[in-house]
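*Asks:* Here you go, one structure.
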Amino acid sequence: MDLLGVEDLTPERVTRIMEAAEAIAEGNPPARLDGRLVVMAFFEPSTRTRLSFESAAMRLGARVLGFSDAKATSSAKGETLEDTARILSAYGDVLVMRHPEKGSAKRAASMATIPVINAGDGAGEHPTQSLLDLYTLRKELGELEGKTITMVGDVANSRTIHTLVPLLRQWGMTIQACSAPGLSWAEGDLPEVSLDEALKGDVAYWTRVQQERLPEGSTVDTSSFRLDRRLYLAHEGKARILHPLPRVDELDADMDSLGEALYFQQAANGVPVRQAILLDALGLL
Ligand code: NCD
């Protein structure tokens with residue numbers, strides 16, 4: 001079963017994945033992937049997403065093949081994504097794909113004959129990140145209904161935010177934005193709040209400026225949302241801080257030892273959640 005975007009995240013499916021991830025984190029995976037082959041097609045840079053998927057696959061007994069440098073593949077010779085997806089379908093049982101173009105995962109899935117998991121399609125969506133974000137939030141906050149989360153930074157171009165907002169709406173969270181100048185939510189239905197209000201909510205979801213998606217040569221002033229420990233403590237807020245990482249200059253390393261800084265735990269949660277996602281995609285949950 002494909003996992004391409006938020007429209008694939010029905011409440012039943014999300015609950016199934018969350019429950020499996022919890023069981024996996026407790027050492028009781030509901031199924032295994034022995035003998036399966038996971039194909040990783042990464043046309044865009046990645047550290048966490050690619051390696052946590054590989055770790056997830058191997059921990060369940062699967063083997064992994066793929067590439068993380070599209071320049072070394074036939075796409076450099078002009079092969080279409082559709083052809084690549086069709087070919088890779090013959091080489092494995094599930095295809096995990098990251099690509100710089102929005103909509104690319106859907107295009108690949110239209111030709112693939114194995115399940116396709118979208119690991120980020122340009123400025124489009126990033127459903128597996130949103131699932132690990134949700135897992136982290138539930139672990140930390142328990143009940144999410146009525147809790148407030150603020151999306152901070154590049155709200156316009158962050159694909160993690162694009163998937164996370166509709167997903168968290170399903171869970172009854174109140175969602176607001178504290179956008180970088182000129183980088184606000186295009187749909188217009190997120191109220192803008194100050195940094196102070198963001199830090200006084202339950203959670204603040206920090207993001208870097210997606211420089212690679214901005215017109216060449218353009219710069220964004222990050223001073224309005226640059227967070228360090230001194231500033232965090234000065235606001236006397238209580239917000240837990242999430243960040244999909246990588247961070248650039250918007251989140252100082254001196255935040256890391258605060259109990260409210262959850263981003264390294266969040267990244268670690270990527271492994272059990274992606275184990276559950278692989279099992280679900282292969283119809284094993
Ligand atoms: C995010 C991504 O690739 O969209 N990274 C990730 O998967 N953890 C966020 C980002 O690159 O800023």
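Naming scheme: A, B, ... for chains in displayed order of the structure tokens; residues 1 onward per chain; ligands 1 onward as shown.
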Per DSSP on the backbone, what are the alpha helix (DSSP H) residues of range 79-123 of chain A, as a PyMOL selection string?

*Replies:* chain A and resi 81-88+104-111

*Asks:* Could those residues be written to a file, using N, CA and C atoms, as a PDB file, in the first residue's frame?

*Replies:*
```pdb
ATOM      1  N   LEU A  81      11.493   9.470 -14.527  1.00  0.00           N
ATOM      2  CA  LEU A  81      11.196   8.902 -13.220  1.00  0.00           C
ATOM      3  C   LEU A  81      10.254   7.703 -13.364  1.00  0.00           C
ATOM      4  N   GLU A  82       9.323   7.819 -14.320  1.00  0.00           N
ATOM      5  CA  GLU A  82       8.369   6.735 -14.538  1.00  0.00           C
ATOM      6  C   GLU A  82       9.096   5.453 -14.931  1.00  0.00           C
ATOM      7  N   ASP A  83      10.068   5.571 -15.834  1.00  0.00           N
ATOM      8  CA  ASP A  83      10.817   4.378 -16.252  1.00  0.00           C
ATOM      9  C   ASP A  83      11.640   3.834 -15.086  1.00  0.00           C
ATOM     10  N   THR A  84      12.277   4.735 -14.345  1.00  0.00           N
ATOM     11  CA  THR A  84      13.089   4.274 -13.214  1.00  0.00           C
ATOM     12  C   THR A  84      12.211   3.512 -12.224  1.00  0.00           C
ATOM     13  N   ALA A  85      11.037   4.046 -11.941  1.00  0.00           N
ATOM     14  CA  ALA A  85      10.141   3.405 -10.958  1.00  0.00           C
ATOM     15  C   ALA A  85       9.710   2.027 -11.437  1.00  0.00           C
ATOM     16  N   ARG A  86       9.439   1.921 -12.718  1.00  0.00           N
ATOM     17  CA  ARG A  86       9.012   0.641 -13.277  1.00  0.00           C
ATOM     18  C   ARG A  86      10.120  -0.401 -13.160  1.00  0.00           C
ATOM     19  N   ILE A  87      11.333   0.031 -13.469  1.00  0.00           N
ATOM     20  CA  ILE A  87      12.479  -0.885 -13.397  1.00  0.00           C
ATOM     21  C   ILE A  87      12.736  -1.311 -11.943  1.00  0.00           C
ATOM     22  N   LEU A  88      12.734  -0.319 -11.030  1.00  0.00           N
ATOM     23  CA  LEU A  88      13.056  -0.645  -9.631  1.00  0.00           C
ATOM     24  C   LEU A  88      12.026  -1.601  -9.034  1.00  0.00           C
ATOM     25  N   SER A 104       6.427  14.081  -7.423  1.00  0.00           N
ATOM     26  CA  SER A 104       7.229  13.006  -8.018  1.00  0.00           C
ATOM     27  C   SER A 104       6.862  11.629  -7.457  1.00  0.00           C
ATOM     28  N   ALA A 105       6.521  11.569  -6.178  1.00  0.00           N
ATOM     29  CA  ALA A 105       6.180  10.266  -5.589  1.00  0.00           C
ATOM     30  C   ALA A 105       4.925   9.703  -6.262  1.00  0.00           C
ATOM     31  N   LYS A 106       3.966  10.576  -6.538  1.00  0.00           N
ATOM     32  CA  LYS A 106       2.732  10.111  -7.218  1.00  0.00           C
ATOM     33  C   LYS A 106       3.055   9.634  -8.628  1.00  0.00           C
ATOM     34  N   ARG A 107       3.934  10.364  -9.303  1.00  0.00           N
ATOM     35  CA  ARG A 107       4.309   9.950 -10.674  1.00  0.00           C
ATOM     36  C   ARG A 107       4.977   8.584 -10.629  1.00  0.00           C
ATOM     37  N   ALA A 108       5.882   8.395  -9.681  1.00  0.00           N
ATOM     38  CA  ALA A 108       6.571   7.102  -9.579  1.00  0.00           C
ATOM     39  C   ALA A 108       5.558   6.003  -9.269  1.00  0.00           C
ATOM     40  N   ALA A 109       4.637   6.299  -8.353  1.00  0.00           N
ATOM     41  CA  ALA A 109       3.659   5.275  -7.947  1.00  0.00           C
ATOM     42  C   ALA A 109       2.742   4.888  -9.101  1.00  0.00           C
ATOM     43  N   SER A 110       2.529   5.816 -10.048  1.00  0.00           N
ATOM     44  CA  SER A 110       1.633   5.508 -11.164  1.00  0.00           C
ATOM     45  C   SER A 110       2.233   4.416 -12.053  1.00  0.00           C
ATOM     46  N   MET A 111       3.550   4.238 -12.018  1.00  0.00           N
ATOM     47  CA  MET A 111       4.178   3.216 -12.855  1.00  0.00           C
ATOM     48  C   MET A 111       4.728   2.042 -12.053  1.00  0.00           C
TER      49      MET A 111
END
```

*Asks:* I want to know what sits within 10 Å of Gln275 in chain A, based on only C-alpha atoms, with residues of the same chain fewer than 3 positions away left out; could you give that as a tab-separated table (two decimals) with N, CA and C atoms, in the first residue's frame?

*Replies:*
```
chain	number	residue	atom	x	y	z
A	17	ILE	N	-0.26	2.34	12.57
A	17	ILE	CA	1.19	2.58	12.51
A	17	ILE	C	1.71	3.01	13.89
A	20	ALA	N	1.85	-0.04	16.19
A	20	ALA	CA	2.95	-0.93	15.82
A	20	ALA	C	4.28	-0.32	16.24
A	21	ALA	N	4.44	0.98	16.05
A	21	ALA	CA	5.71	1.64	16.41
A	21	ALA	C	5.94	1.53	17.92
A	24	ILE	N	7.06	-1.96	18.65
A	24	ILE	CA	8.44	-2.14	18.17
A	24	ILE	C	9.41	-1.49	19.16
A	25	ALA	N	9.06	-0.29	19.62
A	25	ALA	CA	9.96	0.42	20.56
A	25	ALA	C	10.09	-0.38	21.86
A	29	PRO	N	8.12	-6.35	17.84
A	29	PRO	CA	7.60	-6.07	16.49
A	29	PRO	C	6.49	-7.05	16.12
A	31	ALA	N	5.55	-8.06	13.27
A	31	ALA	CA	5.90	-8.91	12.13
A	31	ALA	C	7.35	-8.61	11.77
A	32	ARG	N	7.89	-9.39	10.82
A	32	ARG	CA	9.28	-9.15	10.41
A	32	ARG	C	9.35	-9.02	8.90
A	33	LEU	N	10.53	-8.69	8.42
A	33	LEU	CA	10.70	-8.49	6.97
A	33	LEU	C	11.77	-9.41	6.41
A	52	SER	N	17.67	6.17	8.65
A	52	SER	CA	16.72	5.56	9.60
A	52	SER	C	15.83	4.55	8.88
A	53	PHE	N	15.53	4.77	7.60
A	53	PHE	CA	14.79	3.75	6.84
A	53	PHE	C	15.65	2.50	6.68
A	54	GLU	N	16.93	2.70	6.38
A	54	GLU	CA	17.81	1.54	6.20
A	54	GLU	C	17.94	0.77	7.52
A	55	SER	N	18.12	1.51	8.59
A	55	SER	CA	18.22	0.88	9.90
A	55	SER	C	16.92	0.13	10.22
A	56	ALA	N	15.78	0.77	9.93
A	56	ALA	CA	14.47	0.16	10.19
A	56	ALA	C	14.34	-1.15	9.42
A	57	ALA	N	14.70	-1.11	8.15
A	57	ALA	CA	14.57	-2.30	7.30
A	57	ALA	C	15.46	-3.42	7.83
A	58	MET	N	16.71	-3.08	8.12
A	58	MET	CA	17.65	-4.11	8.55
A	58	MET	C	17.29	-4.68	9.92
A	59	ARG	N	16.78	-3.83	10.79
A	59	ARG	CA	16.40	-4.32	12.12
A	59	ARG	C	15.27	-5.35	12.04
A	60	LEU	N	14.47	-5.25	10.96
A	60	LEU	CA	13.38	-6.22	10.81
A	60	LEU	C	13.80	-7.39	9.92
A	270	GLY	N	12.41	8.05	14.61
A	270	GLY	CA	12.27	7.71	13.19
A	270	GLY	C	12.46	6.23	12.93
A	271	VAL	N	13.26	5.56	13.74
A	271	VAL	CA	13.52	4.14	13.45
A	271	VAL	C	12.28	3.27	13.72
A	272	PRO	N	11.74	3.24	14.96
A	272	PRO	CA	10.55	2.39	15.15
A	272	PRO	C	9.36	2.81	14.28
A	278	LEU	N	7.14	0.47	7.12
A	278	LEU	CA	7.50	-0.58	6.14
A	278	LEU	C	6.56	-1.78	6.28
A	279	LEU	N	6.29	-2.18	7.51
A	279	LEU	CA	5.38	-3.32	7.72
A	279	LEU	C	4.00	-3.01	7.17
A	280	ASP	N	3.55	-1.78	7.41
A	280	ASP	CA	2.22	-1.38	6.94
A	280	ASP	C	2.18	-1.36	5.41
```

*Asks:* Let me have all residues with an atom within 8 Å of ligand 1, counting only C-alpha atoms and all ligand atoms, laid out as a list in words.

*Replies:*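 Here is the list of contacting residues: Pro45, Ser46, Thr47, Arg48, Thr49, Ala119, Gly120, Gly122, Ala123, His126, Gln129, Ser158, Arg159, Thr160, Thr207, Arg208, Val209, Gln210, Pro244, Leu245, Pro246, Arg247 and Ala267 of chain A.
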
*Asks:* Report the residues of range 8-223 of chain A whose backbone DSSP state falls under strand (DSSP E), written as an NGL selection string.

*Replies:* :A and (37-42 or 63-67 or 94-99 or 116-121 or 148-153 or 174-179 or 203-206)

*Asks:* May I have the selected residues written with C-alpha atoms, as a short mmCIF file (atom, residue, chain, number, x, y, z; two decimals), in the first residue's frame?

*Replies:*
```
data_model
loop_
_atom_site.label_atom_id
_atom_site.label_comp_id
_atom_site.auth_asym_id
_atom_site.auth_seq_id
_atom_site.Cartn_x
_atom_site.Cartn_y
_atom_site.Cartn_z
CA LEU A 37 14.20 -6.27 -0.26
CA VAL A 38 13.75 -2.56 0.35
CA VAL A 39 14.75 -0.29 -2.55
CA MET A 40 15.97 3.18 -1.59
CA ALA A 41 15.90 5.75 -4.43
CA PHE A 42 17.23 9.05 -3.10
CA ARG A 63 17.98 -6.29 2.97
CA VAL A 64 18.43 -2.90 1.37
CA LEU A 65 19.62 -1.73 -2.04
CA GLY A 66 19.53 1.62 -3.73
CA PHE A 67 21.30 4.88 -4.41
CA VAL A 94 8.92 -1.74 -1.58
CA LEU A 95 10.31 1.53 -2.94
CA VAL A 96 11.29 4.38 -0.62
CA MET A 97 11.83 7.50 -2.69
CA ARG A 98 13.02 11.07 -2.21
CA HIS A 99 13.04 13.47 -5.15
CA VAL A 116 5.90 3.44 -2.96
CA ILE A 117 6.73 5.42 0.19
CA ASN A 118 7.26 9.16 -0.28
CA ALA A 119 10.36 10.17 1.70
CA GLY A 120 10.01 13.81 0.61
CA ASP A 121 8.99 15.23 -2.80
CA THR A 148 -1.45 24.18 20.78
CA ILE A 149 1.43 23.85 18.33
CA THR A 150 3.14 26.67 16.44
CA MET A 151 4.94 26.13 13.14
CA VAL A 152 8.04 28.33 13.19
CA GLY A 153 10.34 29.43 10.36
CA THR A 174 -4.80 24.03 17.58
CA ILE A 175 -2.25 25.08 14.98
CA GLN A 176 -0.70 28.49 14.51
CA ALA A 177 2.34 29.94 12.72
CA CYS A 178 5.28 32.18 13.50
CA SER A 179 6.61 32.54 9.98
CA VAL A 203 4.81 22.82 21.30
CA ALA A 204 6.84 24.85 18.81
CA TYR A 205 7.90 23.11 15.60
CA TRP A 206 11.04 24.84 14.39
#
```

*Asks:* To one decimal place, how far is CA of Arg50 in chain A from CA of Thr128 in chain A in Å?

*Replies:*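 Atom-to-atom, CA of Arg50 in chain A to CA of Thr128 in chain A, that is 11.2 Å.
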
*Asks:* Which polymer residues have any atom within 12 Å of an atom of Leu137 in chain A, counting only C-alpha atoms, with same-chain residues fewer than 3 positions away left out, as a tab-separated table (two decimals) with N, CA, C and O atoms, in the first residue's frame?

*Replies:*
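File written: selection-v2.tsv
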```
chain	number	residue	atom	x	y	z
A	18	MET	N	0.94	3.87	14.58
A	18	MET	CA	1.38	4.32	15.92
A	18	MET	C	1.46	3.14	16.89
A	18	MET	O	2.42	3.01	17.65
A	130	SER	N	6.12	13.26	9.23
A	130	SER	CA	4.95	13.69	10.02
A	130	SER	C	4.50	12.59	10.96
A	130	SER	O	4.05	12.87	12.08
A	131	LEU	N	4.62	11.35	10.53
A	131	LEU	CA	4.24	10.25	11.43
A	131	LEU	C	5.18	10.15	12.62
A	131	LEU	O	4.75	9.91	13.74
A	132	LEU	N	6.48	10.39	12.40
A	132	LEU	CA	7.38	10.32	13.56
A	132	LEU	C	7.21	11.57	14.43
A	132	LEU	O	7.38	11.50	15.65
A	133	ASP	N	6.82	12.68	13.82
A	133	ASP	CA	6.50	13.87	14.62
A	133	ASP	C	5.28	13.59	15.51
A	133	ASP	O	5.27	13.91	16.70
A	134	LEU	N	4.26	12.98	14.90
A	134	LEU	CA	3.05	12.66	15.66
A	134	LEU	C	3.36	11.68	16.78
A	134	LEU	O	2.89	11.84	17.92
A	140	GLU	N	5.04	12.44	24.24
A	140	GLU	CA	5.40	13.52	25.14
A	140	GLU	C	4.17	14.16	25.80
A	140	GLU	O	4.19	14.49	26.98
A	141	LEU	N	3.10	14.33	25.03
A	141	LEU	CA	1.94	15.07	25.53
A	141	LEU	C	0.77	14.18	25.91
A	141	LEU	O	-0.19	14.65	26.53
A	142	GLY	N	0.81	12.92	25.50
A	142	GLY	CA	-0.36	12.07	25.72
A	142	GLY	C	-1.49	12.54	24.81
A	142	GLY	O	-1.35	12.52	23.60
A	143	GLU	N	-2.56	13.00	25.39
A	143	GLU	CA	-3.72	13.49	24.63
A	143	GLU	C	-3.34	14.76	23.85
A	143	GLU	O	-2.77	15.70	24.41
A	144	LEU	N	-3.67	14.80	22.56
A	144	LEU	CA	-3.30	15.98	21.75
A	144	LEU	C	-4.46	16.97	21.58
A	144	LEU	O	-4.24	18.15	21.30
A	145	GLU	N	-5.68	16.47	21.72
A	145	GLU	CA	-6.89	17.29	21.54
A	145	GLU	C	-6.78	18.58	22.37
A	145	GLU	O	-6.53	18.52	23.58
A	147	LYS	N	-4.50	20.83	22.44
A	147	LYS	CA	-3.15	21.37	22.68
A	147	LYS	C	-2.75	22.27	21.51
A	147	LYS	O	-3.24	22.11	20.39
A	148	THR	N	-1.83	23.19	21.80
A	148	THR	CA	-1.45	24.18	20.78
A	148	THR	C	-0.04	23.92	20.27
A	148	THR	O	0.89	23.70	21.05
A	149	ILE	N	0.10	23.97	18.95
A	149	ILE	CA	1.43	23.85	18.33
A	149	ILE	C	1.63	25.01	17.37
A	149	ILE	O	0.69	25.40	16.66
A	164	LEU	N	2.29	17.85	8.11
A	164	LEU	CA	1.99	17.82	9.55
A	164	LEU	C	0.72	18.61	9.91
A	164	LEU	O	-0.05	18.17	10.77
A	168	LEU	N	-2.18	16.88	12.06
A	168	LEU	CA	-2.46	17.27	13.46
A	168	LEU	C	-3.87	17.84	13.61
A	168	LEU	O	-4.45	17.77	14.70
A	171	TRP	N	-6.10	15.29	14.71
A	171	TRP	CA	-5.96	14.92	16.12
A	171	TRP	C	-6.43	16.04	17.04
A	171	TRP	O	-6.19	15.99	18.25
A	173	MET	N	-5.53	19.24	17.30
A	173	MET	CA	-4.62	20.25	17.84
A	173	MET	C	-4.95	21.62	17.27
A	173	MET	O	-5.44	21.75	16.15
A	202	ASP	N	2.01	24.78	23.78
A	202	ASP	CA	2.48	23.47	24.23
A	202	ASP	C	3.71	22.99	23.46
A	202	ASP	O	4.59	22.36	24.03
A	203	VAL	N	3.72	23.29	22.16
A	203	VAL	CA	4.81	22.82	21.30
A	203	VAL	C	5.15	23.89	20.27
A	203	VAL	O	4.26	24.57	19.76
A	204	ALA	N	6.43	24.02	19.95
A	204	ALA	CA	6.84	24.85	18.81
A	204	ALA	C	7.66	23.97	17.88
A	204	ALA	O	8.59	23.29	18.31
A	205	TYR	N	7.26	23.97	16.60
A	205	TYR	CA	7.90	23.11	15.60
A	205	TYR	C	8.80	23.99	14.73
A	205	TYR	O	8.33	24.69	13.85
A	239	ALA	N	6.94	25.69	25.94
A	239	ALA	CA	6.81	24.91	24.71
A	239	ALA	C	7.93	23.89	24.57
A	239	ALA	O	9.11	24.22	24.73
A	240	ARG	N	7.54	22.66	24.27
A	240	ARG	CA	8.52	21.67	23.85
A	240	ARG	C	8.96	22.06	22.45
A	240	ARG	O	8.12	22.47	21.63
A	241	ILE	N	10.25	21.85	22.17
A	241	ILE	CA	10.76	22.25	20.87
A	241	ILE	C	11.02	21.02	20.01
A	241	ILE	O	11.81	20.14	20.38
A	242	LEU	N	10.34	20.98	18.86
A	242	LEU	CA	10.61	19.95	17.86
A	242	LEU	C	11.29	20.61	16.68
A	242	LEU	O	11.10	21.82	16.42
A	243	HIS	N	12.06	19.85	15.94
A	243	HIS	CA	12.72	20.34	14.72
A	243	HIS	C	13.00	19.09	13.89
A	243	HIS	O	13.57	18.13	14.41
A	260	GLU	N	13.04	20.57	27.47
A	260	GLU	CA	12.00	20.82	26.46
A	260	GLU	C	12.49	20.57	25.04
A	260	GLU	O	11.70	20.58	24.10
A	262	LEU	N	13.29	18.44	22.22
A	262	LEU	CA	12.95	17.04	21.93
A	262	LEU	C	13.49	16.54	20.60
A	262	LEU	O	13.27	15.39	20.23
A	263	TYR	N	14.22	17.39	19.87
A	263	TYR	CA	14.50	17.04	18.47
A	263	TYR	C	15.42	15.84	18.29
A	263	TYR	O	15.31	15.14	17.29
A	265	GLN	N	15.48	13.17	20.30
A	265	GLN	CA	14.57	12.06	20.57
A	265	GLN	C	13.65	11.84	19.37
A	265	GLN	O	13.40	10.70	18.94
A	266	GLN	N	13.17	12.96	18.83
A	266	GLN	CA	12.29	12.93	17.65
A	266	GLN	C	13.00	12.18	16.50
A	266	GLN	O	12.41	11.29	15.87
A	269	ASN	N	13.17	8.51	17.15
A	269	ASN	CA	11.87	7.86	16.97
A	269	ASN	C	11.62	7.48	15.51
A	269	ASN	O	10.73	6.68	15.22
```

*Asks:* Mind giving me the straight-line distance from CA of Gly5 in chain A to CA of Pro166 in chain A in Å, one decimal?

*Replies:* 10.4 Å

*Asks:* Between CA of Glu22 in chain A and CA of Val273 in chain A, what is the spacing in Å?

*Replies:* 8.2 Å
